Amino acid sequence: MPALSWEADRADAGFGEWVRERALAWFPLVSYTEDQPDQEVAIEDGDTVAMILEAQSEAEAGTEASREAGEETETGSSASDAAPAADIPMDKLRDFEYLLSNYYTVDSSTVIGADQLDAEKMLEQDMKIDTETGGPKILVFHTHSQEEFVDSTPGDPATSIVGVGAYLTELLNEKGIETIHDTGVYDIIDGKLDRSMAYDYSEAAVRKILEENPSIEVLIDLHRDGVAEDTRLVTEINGKQTARIMFFNGLSRTRTNGEISYLKNPYIQDNLAFSFQMHLAAETKNPGFTRHIYLKAYRYSLHMKPKSLLIEAGAQTNTVEEMMNAMEPLADALYDVLISS
């Protein structure tokens with residue numbers, strides 16, 4: 001799934017090709033180690049920059065993360081046995097170690113502290129959208145439009161993540177939240193799958209849509225995860241086999257070099273609050289529907305609006321039907337966080 005972009009005002013004309021030639025493959029996907037000191041910010045040379053951008057372009061949260069976190073079993077997750085989020089007392093949520101271990105998976109490429117993960121502040125943040133004005137409020141898009149499922153029809157967008165996004169858009173409109181769906185393709189270059197610049201291309205398209213639709217307040221970059229072939233991210237909701245979902249945040253910070261200055265995101269705290277509120281809303285109604293929120297070093301598509309979500313819905317081992325079923329509780333959670341009082 002996620003990747004990330006080189007900011008347009010810093011990119012030279014053949015930078016994508018330069019990255020492909022010089023970057024190292026880097027997939028730091030191991031579980032979070034507690035009590036690590038913050039690292040001093042280092043001056044990054046060209047090779048380090050290239051390595052980070054290449055990692056953003058190619059790294060996925062899936063297979064290794066699932067094994068390291070020990071979350072998923074073949075048919076579901078131990079999270080399904082957890083108490084509903086509404087039953088968790090605030091004094092527990094105020095405990096950083098409790099919050100981190102019960103709600104988050106932190107990739108070894110990054111680091112986070114209690115100053116950023118403050119449950120009380122995240123829950124106090126107002127995520128309601130303006131329902132008094134007209135125009136679309138939500139944009140659903142897909143930086144990786146070619147993601148498919150175990151029974152997808154090759155080449156048929158209706159059975160890919162794009163079709164799943166179309167159904168989410170339909171559900172949100174039925175709930176009275178005007179939503180538009182961008183079906184642009186950003187991960188095919190010269191007829192071949194190429195994600196090296198996908199986040200740059202999707203950002204350019206999204207910014208154009210935002211200029212044309214200034215009423216949009218919420219951005220949802222909808223993906224599907226990549227996991228081991230024997231992993232099944234499935235739970236049962238309302239008698240339906242339903243793919244499980246995961247909210248994903250980028251911190252624009254590496255453990256080794258600190259803040260990534262060329263991948264700025266002024267909305268990191270807003271992003272964290274939004275994903276946390278969404279996670280709790282989804283789990284309150286449907287325990288086991290969501291996986292731990294995943295935190296990684298980069299920025300992805302989360303820097304264009306405060307209310308931005310990157311969602312990993314299911315994986316390549318899910319069926320199209322399971323994916324479509326997952327959009328129903330996801331739409332409910334969005335309504336609860338954005339509309340309900």
# chains A, B, ... in the order shown; residues from 1 in each chain; ligands from 1
$ residues_around --residues "range 297-312 of chain A" --least-positions-apart "3" --cutoff "8 Å" --atoms "only C-alpha atoms" --output "ChimeraX atom specification"
/A:1-5,56,107,109-111,127,199,203,207,217-225,245-255,260,263-268,270-271,274-275,315
$ select_by_dssp --residues "range 81-213 of chain A" --states "helix (DSSP H, G or I)" --output "short mmCIF file (atom, residue, chain, number, x, y, z; two decimals) with C-alpha atoms, in the first residue's frame"
data_model
loop_
_atom_site.label_atom_id
_atom_site.label_comp_id
_atom_site.auth_asym_id
_atom_site.auth_seq_id
_atom_site.Cartn_x
_atom_site.Cartn_y
_atom_site.Cartn_z
CA ASP A 81 -12.42 -10.57 22.02
CA ALA A 85 -14.16 0.85 22.97
CA ALA A 86 -16.99 2.61 24.79
CA ASP A 87 -16.25 0.45 27.86
CA MET A 90 -10.52 7.38 30.24
CA ASP A 91 -7.95 6.82 32.96
CA LYS A 92 -6.68 3.82 31.00
CA LEU A 93 -6.63 5.78 27.76
CA PHE A 96 0.49 6.18 27.16
CA GLU A 97 1.80 2.62 27.43
CA TYR A 98 -1.74 1.21 27.60
CA LEU A 99 -2.84 3.34 24.67
CA LEU A 100 0.17 2.38 22.58
CA SER A 101 -0.02 -1.35 23.22
CA ASN A 102 -3.78 -1.70 22.80
CA TYR A 103 -4.49 0.60 19.86
CA ALA A 119 -6.00 10.29 24.01
CA GLU A 120 -7.85 13.07 25.84
CA LYS A 121 -6.74 15.72 23.35
CA MET A 122 -7.45 13.46 20.38
CA LEU A 123 -10.97 12.79 21.60
CA GLU A 124 -11.64 16.46 22.37
CA PRO A 157 -12.14 -1.85 -11.86
CA ALA A 158 -15.54 -2.77 -10.42
CA THR A 159 -13.90 -5.75 -8.69
CA ILE A 161 -10.27 -1.31 -4.75
CA VAL A 162 -11.83 1.26 -7.11
CA GLY A 163 -15.11 -0.65 -7.10
CA VAL A 164 -14.98 -0.85 -3.31
CA GLY A 165 -14.49 2.92 -3.20
CA ALA A 166 -17.49 3.37 -5.49
CA TYR A 167 -19.64 1.44 -3.03
CA LEU A 168 -18.37 3.48 -0.06
CA THR A 169 -19.19 6.65 -2.00
CA GLU A 170 -22.71 5.35 -2.67
CA LEU A 171 -23.28 4.52 0.99
CA LEU A 172 -22.10 7.92 2.18
CA ASN A 173 -24.33 9.72 -0.28
CA GLU A 174 -27.27 7.61 0.91
CA ALA A 198 1.96 7.39 -7.48
CA TYR A 199 1.68 9.73 -4.50
CA ASP A 200 2.93 12.67 -6.55
CA TYR A 201 0.40 11.98 -9.28
CA SER A 202 -2.52 11.42 -6.91
CA GLU A 203 -1.66 14.60 -5.00
CA ALA A 204 -1.73 16.68 -8.18
CA ALA A 205 -5.15 15.27 -9.09
CA VAL A 206 -6.57 15.68 -5.58
CA ARG A 207 -5.40 19.29 -5.33
CA LYS A 208 -7.14 20.06 -8.62
CA ILE A 209 -10.35 18.47 -7.33
CA LEU A 210 -10.07 20.51 -4.12
CA GLU A 211 -9.69 23.72 -6.12
CA GLU A 212 -12.83 22.86 -8.06
#
$ atom_distance --atom1 "CA of Val234 in chain A" --atom2 "CA of Ser145 in chain A"
22.0 Å
$ select_by_dssp --residues "range 102-299 of chain A" --states "strand (DSSP E)" --output "PyMOL selection string"
chain A and resi 104-106+138-141+179-181+188-189+192-193+218-225+234-237+240-243+245-250+253-254+258-259+293-296
$ closest_residue --among "A:Ile88, A:Leu233, A:Met197, A:Val320" --to "Arg291 in chain A" --atoms "only C-alpha atoms"
A:Leu233
$ atom_distance --atom1 "CA of Met324 in chain A" --atom2 "CA of Val140 in chain A"
14.8 Å
$ closest_residue --among "A:Glu259, A:Glu322, A:Asp182, A:Asp118" --to "Ile138 in chain A" --atoms "only C-alpha atoms"
A:Asp182
$ atom_distance --atom1 "CA of Asp156 in chain A" --atom2 "CA of Gly314 in chain A"
18.4 Å
